[in-house]
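Here is the structure we will look at, set down as structure tokens.
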Amino acid sequence: QVQLVESGGGLVQAGNSLRLSCAASGRTFSSRDMAWFRQAPGKEREFVASIAWIGLTYYVDSVKGRFTISRDNAKNTVDLQMNSLKPEDTAVYYCAVLREGGSYYFTRRTEEASYDYWGQGTQVTVSS
């Protein structure tokens with residue numbers, strides 16, 4: 001059974017940092033792209049960042065220069081380093097695995113429907 005488990009969330013003051021980690025079990029995802037999404041209260045879940053199996057990264061504009069996504073294929077993990085946090089970063093953060101299907105899903109990597117495995121989420125709260 002495939003499981004994605006996020007950790008590292010918490011309550012921090014604006015300007016501080018957090019590092020989220022997502023550990024996958026049940027199968028290896030070294031050849032699959034992975035991503036982080038987030039969902040703020042009352043809002044739809046939105047794409048944050050993705051990392052291809054070869055290491056290429058992509059970020060939503062609002063986190064560029066502040067967040068860094070990375071992966072360790074040997075450990076089957078993907079991390080999100082979040083610096084200079086802002087109150088508007090408050091959300092539940094989810095990791096996800098891109099569906100197999102070559103460029104079709106890669107070009108749609110910001111869309112929820114392009115992902116077939118999801119974690120349960122970890123809460124990040126940034127106080128002002």
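Chain labels follow the order of the structure tokens: the first chain is A, the next B, and so on; residue numbering restarts at 1 in every chain, and ligands are counted from 1 in their shown order.
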Considering only C-alpha atoms, return as a PDB file with N, CA, C and O atoms, in the first residue's frame whatever protein or nucleic-acid residues lie within 12 Å of Trp118 (chain A), sequence-local ones (same chain, fewer than 4 positions apart) excluded.
ATOM      1  N   VAL A   2       0.611   2.148  -0.930  1.00  0.00           N
ATOM      2  CA  VAL A   2       1.396   3.368  -1.039  1.00  0.00           C
ATOM      3  C   VAL A   2       0.944   4.378   0.009  1.00  0.00           C
ATOM      4  O   VAL A   2      -0.250   4.588   0.211  1.00  0.00           O
ATOM      5  N   GLN A   3       1.924   4.974   0.670  1.00  0.00           N
ATOM      6  CA  GLN A   3       1.624   6.024   1.641  1.00  0.00           C
ATOM      7  C   GLN A   3       2.590   7.174   1.457  1.00  0.00           C
ATOM      8  O   GLN A   3       3.789   6.967   1.238  1.00  0.00           O
ATOM      9  N   LEU A   4       2.066   8.383   1.557  1.00  0.00           N
ATOM     10  CA  LEU A   4       2.878   9.596   1.605  1.00  0.00           C
ATOM     11  C   LEU A   4       2.593  10.251   2.946  1.00  0.00           C
ATOM     12  O   LEU A   4       1.425  10.520   3.262  1.00  0.00           O
ATOM     13  N   VAL A   5       3.633  10.513   3.708  1.00  0.00           N
ATOM     14  CA  VAL A   5       3.455  11.097   5.028  1.00  0.00           C
ATOM     15  C   VAL A   5       4.274  12.375   5.123  1.00  0.00           C
ATOM     16  O   VAL A   5       5.510  12.342   5.021  1.00  0.00           O
ATOM     17  N   GLU A   6       3.559  13.499   5.325  1.00  0.00           N
ATOM     18  CA  GLU A   6       4.224  14.788   5.482  1.00  0.00           C
ATOM     19  C   GLU A   6       4.540  15.044   6.952  1.00  0.00           C
ATOM     20  O   GLU A   6       3.829  14.579   7.840  1.00  0.00           O
ATOM     21  N   CYS A  22       8.357  14.920   3.077  1.00  0.00           N
ATOM     22  CA  CYS A  22       7.355  13.947   2.678  1.00  0.00           C
ATOM     23  C   CYS A  22       8.068  12.621   2.430  1.00  0.00           C
ATOM     24  O   CYS A  22       8.958  12.544   1.582  1.00  0.00           O
ATOM     25  N   ALA A  23       7.660  11.612   3.177  1.00  0.00           N
ATOM     26  CA  ALA A  23       8.265  10.288   3.043  1.00  0.00           C
ATOM     27  C   ALA A  23       7.282   9.342   2.373  1.00  0.00           C
ATOM     28  O   ALA A  23       6.128   9.228   2.809  1.00  0.00           O
ATOM     29  N   ALA A  24       7.736   8.692   1.322  1.00  0.00           N
ATOM     30  CA  ALA A  24       6.893   7.755   0.597  1.00  0.00           C
ATOM     31  C   ALA A  24       7.253   6.329   0.973  1.00  0.00           C
ATOM     32  O   ALA A  24       8.421   6.007   1.182  1.00  0.00           O
ATOM     33  N   SER A  25       6.247   5.490   1.062  1.00  0.00           N
ATOM     34  CA  SER A  25       6.472   4.080   1.336  1.00  0.00           C
ATOM     35  C   SER A  25       5.526   3.256   0.479  1.00  0.00           C
ATOM     36  O   SER A  25       4.531   3.755  -0.025  1.00  0.00           O
ATOM     37  N   MET A  34       7.394  14.847  -8.453  1.00  0.00           N
ATOM     38  CA  MET A  34       6.655  15.033  -7.203  1.00  0.00           C
ATOM     39  C   MET A  34       6.427  16.521  -6.972  1.00  0.00           C
ATOM     40  O   MET A  34       7.112  17.363  -7.560  1.00  0.00           O
ATOM     41  N   ALA A  35       5.466  16.825  -6.113  1.00  0.00           N
ATOM     42  CA  ALA A  35       5.102  18.231  -5.926  1.00  0.00           C
ATOM     43  C   ALA A  35       4.559  18.486  -4.531  1.00  0.00           C
ATOM     44  O   ALA A  35       4.234  17.552  -3.790  1.00  0.00           O
ATOM     45  N   TRP A  36       4.484  19.759  -4.213  1.00  0.00           N
ATOM     46  CA  TRP A  36       3.813  20.239  -3.006  1.00  0.00           C
ATOM     47  C   TRP A  36       2.665  21.152  -3.435  1.00  0.00           C
ATOM     48  O   TRP A  36       2.835  22.004  -4.315  1.00  0.00           O
ATOM     49  N   PHE A  37       1.522  20.948  -2.799  1.00  0.00           N
ATOM     50  CA  PHE A  37       0.371  21.811  -2.939  1.00  0.00           C
ATOM     51  C   PHE A  37       0.046  22.365  -1.562  1.00  0.00           C
ATOM     52  O   PHE A  37       0.536  21.865  -0.549  1.00  0.00           O
ATOM     53  N   ARG A  38      -0.827  23.363  -1.513  1.00  0.00           N
ATOM     54  CA  ARG A  38      -1.300  23.863  -0.227  1.00  0.00           C
ATOM     55  C   ARG A  38      -2.748  24.317  -0.357  1.00  0.00           C
ATOM     56  O   ARG A  38      -3.199  24.676  -1.435  1.00  0.00           O
ATOM     57  N   TYR A  93      -0.276  21.866   3.909  1.00  0.00           N
ATOM     58  CA  TYR A  93       0.609  21.539   2.800  1.00  0.00           C
ATOM     59  C   TYR A  93       0.566  20.039   2.526  1.00  0.00           C
ATOM     60  O   TYR A  93       0.675  19.235   3.452  1.00  0.00           O
ATOM     61  N   TYR A  94       0.434  19.703   1.241  1.00  0.00           N
ATOM     62  CA  TYR A  94       0.315  18.323   0.808  1.00  0.00           C
ATOM     63  C   TYR A  94       1.416  17.986  -0.188  1.00  0.00           C
ATOM     64  O   TYR A  94       1.729  18.795  -1.067  1.00  0.00           O
ATOM     65  N   CYS A  95       1.963  16.785  -0.088  1.00  0.00           N
ATOM     66  CA  CYS A  95       2.845  16.321  -1.154  1.00  0.00           C
ATOM     67  C   CYS A  95       2.050  15.371  -2.054  1.00  0.00           C
ATOM     68  O   CYS A  95       1.052  14.782  -1.635  1.00  0.00           O
ATOM     69  N   ALA A  96       2.504  15.276  -3.289  1.00  0.00           N
ATOM     70  CA  ALA A  96       1.774  14.494  -4.281  1.00  0.00           C
ATOM     71  C   ALA A  96       2.735  13.948  -5.335  1.00  0.00           C
ATOM     72  O   ALA A  96       3.827  14.485  -5.528  1.00  0.00           O
ATOM     73  N   VAL A  97       2.302  12.895  -6.007  1.00  0.00           N
ATOM     74  CA  VAL A  97       3.100  12.241  -7.039  1.00  0.00           C
ATOM     75  C   VAL A  97       2.399  12.381  -8.384  1.00  0.00           C
ATOM     76  O   VAL A  97       1.203  12.063  -8.494  1.00  0.00           O
ATOM     77  N   LEU A  98       3.143  12.851  -9.374  1.00  0.00           N
ATOM     78  CA  LEU A  98       2.581  13.061 -10.708  1.00  0.00           C
ATOM     79  C   LEU A  98       2.246  11.732 -11.374  1.00  0.00           C
ATOM     80  O   LEU A  98       3.018  10.771 -11.302  1.00  0.00           O
ATOM     81  N   ARG A  99       1.133  11.689 -12.033  1.00  0.00           N
ATOM     82  CA  ARG A  99       0.735  10.478 -12.757  1.00  0.00           C
ATOM     83  C   ARG A  99       1.745  10.132 -13.844  1.00  0.00           C
ATOM     84  O   ARG A  99       2.373  11.018 -14.424  1.00  0.00           O
ATOM     85  N   GLU A 112      -4.301  19.691  -9.919  1.00  0.00           N
ATOM     86  CA  GLU A 112      -4.497  18.593  -8.960  1.00  0.00           C
ATOM     87  C   GLU A 112      -4.759  17.263  -9.647  1.00  0.00           C
ATOM     88  O   GLU A 112      -4.259  16.220  -9.213  1.00  0.00           O
ATOM     89  N   ALA A 113      -5.535  17.281 -10.702  1.00  0.00           N
ATOM     90  CA  ALA A 113      -5.947  16.044 -11.369  1.00  0.00           C
ATOM     91  C   ALA A 113      -4.774  15.303 -12.009  1.00  0.00           C
ATOM     92  O   ALA A 113      -4.914  14.137 -12.394  1.00  0.00           O
ATOM     93  N   SER A 114      -3.632  15.957 -12.120  1.00  0.00           N
ATOM     94  CA  SER A 114      -2.455  15.326 -12.715  1.00  0.00           C
ATOM     95  C   SER A 114      -1.711  14.434 -11.718  1.00  0.00           C
ATOM     96  O   SER A 114      -0.747  13.793 -12.091  1.00  0.00           O
ATOM     97  N   THR A 122       0.125  18.561   6.200  1.00  0.00           N
ATOM     98  CA  THR A 122       0.698  19.070   7.443  1.00  0.00           C
ATOM     99  C   THR A 122       0.389  20.559   7.529  1.00  0.00           C
ATOM    100  O   THR A 122       0.520  21.286   6.547  1.00  0.00           O
TER     101      THR A 122
END
Contact residues around region 53-59 of chain A with only C-alpha atoms at 9 Å, ignoring same-chain residues under 5 positions, as a PDB file with N, CA, C and O atoms, in the first residue's frame:
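Listing of selection19.pdb after writing:
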ATOM      1  N   PHE A  29       9.445   6.153  -5.907  1.00  0.00           N
ATOM      2  CA  PHE A  29       9.005   7.164  -6.850  1.00  0.00           C
ATOM      3  C   PHE A  29      10.182   7.886  -7.495  1.00  0.00           C
ATOM      4  O   PHE A  29      10.062   9.026  -7.930  1.00  0.00           O
ATOM      5  N   SER A  30      11.320   7.210  -7.570  1.00  0.00           N
ATOM      6  CA  SER A  30      12.518   7.850  -8.100  1.00  0.00           C
ATOM      7  C   SER A  30      12.365   8.264  -9.562  1.00  0.00           C
ATOM      8  O   SER A  30      13.075   9.153 -10.028  1.00  0.00           O
ATOM      9  N   SER A  31      11.442   7.660 -10.292  1.00  0.00           N
ATOM     10  CA  SER A  31      11.247   7.993 -11.697  1.00  0.00           C
ATOM     11  C   SER A  31       9.978   8.803 -11.925  1.00  0.00           C
ATOM     12  O   SER A  31       9.546   8.978 -13.069  1.00  0.00           O
ATOM     13  N   ARG A  32       9.409   9.313 -10.867  1.00  0.00           N
ATOM     14  CA  ARG A  32       8.175  10.089 -10.960  1.00  0.00           C
ATOM     15  C   ARG A  32       8.418  11.507 -10.451  1.00  0.00           C
ATOM     16  O   ARG A  32       9.143  11.716  -9.479  1.00  0.00           O
ATOM     17  N   ASP A  33       7.773  12.479 -11.104  1.00  0.00           N
ATOM     18  CA  ASP A  33       7.821  13.847 -10.609  1.00  0.00           C
ATOM     19  C   ASP A  33       6.975  13.953  -9.342  1.00  0.00           C
ATOM     20  O   ASP A  33       5.962  13.266  -9.204  1.00  0.00           O
ATOM     21  N   MET A  34       7.394  14.847  -8.453  1.00  0.00           N
ATOM     22  CA  MET A  34       6.655  15.033  -7.203  1.00  0.00           C
ATOM     23  C   MET A  34       6.427  16.521  -6.972  1.00  0.00           C
ATOM     24  O   MET A  34       7.112  17.363  -7.560  1.00  0.00           O
ATOM     25  N   PHE A  47      -1.198  24.726  -6.384  1.00  0.00           N
ATOM     26  CA  PHE A  47       0.143  24.232  -6.625  1.00  0.00           C
ATOM     27  C   PHE A  47       1.173  25.158  -5.988  1.00  0.00           C
ATOM     28  O   PHE A  47       1.014  26.390  -6.035  1.00  0.00           O
ATOM     29  N   VAL A  48       2.224  24.589  -5.404  1.00  0.00           N
ATOM     30  CA  VAL A  48       3.299  25.373  -4.806  1.00  0.00           C
ATOM     31  C   VAL A  48       4.612  25.161  -5.563  1.00  0.00           C
ATOM     32  O   VAL A  48       5.249  26.117  -6.001  1.00  0.00           O
ATOM     33  N   LYS A  64       8.572  31.935  -5.316  1.00  0.00           N
ATOM     34  CA  LYS A  64       9.885  31.956  -5.960  1.00  0.00           C
ATOM     35  C   LYS A  64      10.867  32.794  -5.153  1.00  0.00           C
ATOM     36  O   LYS A  64      10.553  33.886  -4.705  1.00  0.00           O
ATOM     37  N   PHE A  67      11.058  29.613  -1.366  1.00  0.00           N
ATOM     38  CA  PHE A  67      10.898  28.167  -1.153  1.00  0.00           C
ATOM     39  C   PHE A  67      11.833  27.405  -2.074  1.00  0.00           C
ATOM     40  O   PHE A  67      12.091  27.823  -3.204  1.00  0.00           O
ATOM     41  N   THR A  68      12.302  26.254  -1.587  1.00  0.00           N
ATOM     42  CA  THR A  68      13.135  25.367  -2.390  1.00  0.00           C
ATOM     43  C   THR A  68      12.659  23.929  -2.222  1.00  0.00           C
ATOM     44  O   THR A  68      12.574  23.433  -1.099  1.00  0.00           O
ATOM     45  N   ILE A  69      12.357  23.298  -3.341  1.00  0.00           N
ATOM     46  CA  ILE A  69      11.953  21.895  -3.313  1.00  0.00           C
ATOM     47  C   ILE A  69      13.159  21.035  -3.664  1.00  0.00           C
ATOM     48  O   ILE A  69      13.975  21.400  -4.513  1.00  0.00           O
ATOM     49  N   SER A  70      13.277  19.903  -2.982  1.00  0.00           N
ATOM     50  CA  SER A  70      14.388  18.987  -3.255  1.00  0.00           C
ATOM     51  C   SER A  70      13.909  17.564  -3.023  1.00  0.00           C
ATOM     52  O   SER A  70      12.864  17.350  -2.417  1.00  0.00           O
ATOM     53  N   ARG A  71      14.690  16.622  -3.511  1.00  0.00           N
ATOM     54  CA  ARG A  71      14.301  15.231  -3.324  1.00  0.00           C
ATOM     55  C   ARG A  71      15.535  14.376  -3.075  1.00  0.00           C
ATOM     56  O   ARG A  71      16.649  14.725  -3.483  1.00  0.00           O
ATOM     57  N   ASN A  73      16.156  10.546  -3.832  1.00  0.00           N
ATOM     58  CA  ASN A  73      15.574   9.331  -4.406  1.00  0.00           C
ATOM     59  C   ASN A  73      15.979   8.083  -3.626  1.00  0.00           C
ATOM     60  O   ASN A  73      15.231   7.110  -3.569  1.00  0.00           O
TER      61      ASN A  73
END
message: Among chain A, which residues does DSSP mark as alpha helix (DSSP H) when it is run on the backbone? Keep the chain and numbering as in the structure and answer as a PyMOL selection string.
response: chain A and resi 103-106
CA of Ser7 (chain A) to CA of Gly121 (chain A), straight-line distance in Å: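 Between these atoms lies a distance of 8.1 Å.
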- request: Report as a PyMOL selection string: the residues of chain A with a DSSP assignment of strand (DSSP E), based on the backbone of this structure.
  value: chain A and resi 3-7+10-13+18-25+34-39+46-51+57-59+67-72+77-82+91-98+115-118+122-127
query: At what distance in Å, to one decimal, does CA of Lys86 (chain A) lie from CA of Gln13 (chain A)?
result: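 So the two atoms, CA of Gln13 (chain A) and CA of Lys86 (chain A), lie 8.1 Å apart.
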message: Measuring between only C-alpha atoms, which one of A:Leu11, A:Val126, A:Val60, A:Ala49 shows the shortest distance to Gln81 (chain A)?
response: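 Result for the nearest residue to Gln81 (chain A): A:Ala49.
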task: Between A:Asn16, A:Ser50, A:Thr107, A:Asn76, single out the one closest to Ser128 (chain A), counting only C-alpha atoms.
output: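 Checking each candidate against Ser128 (chain A), we get A:Asn16 as the closest.
With CA of Tyr115 (chain A) on one side and CA of Glu88 (chain A) on the other, the separation reads 24.4 Å.
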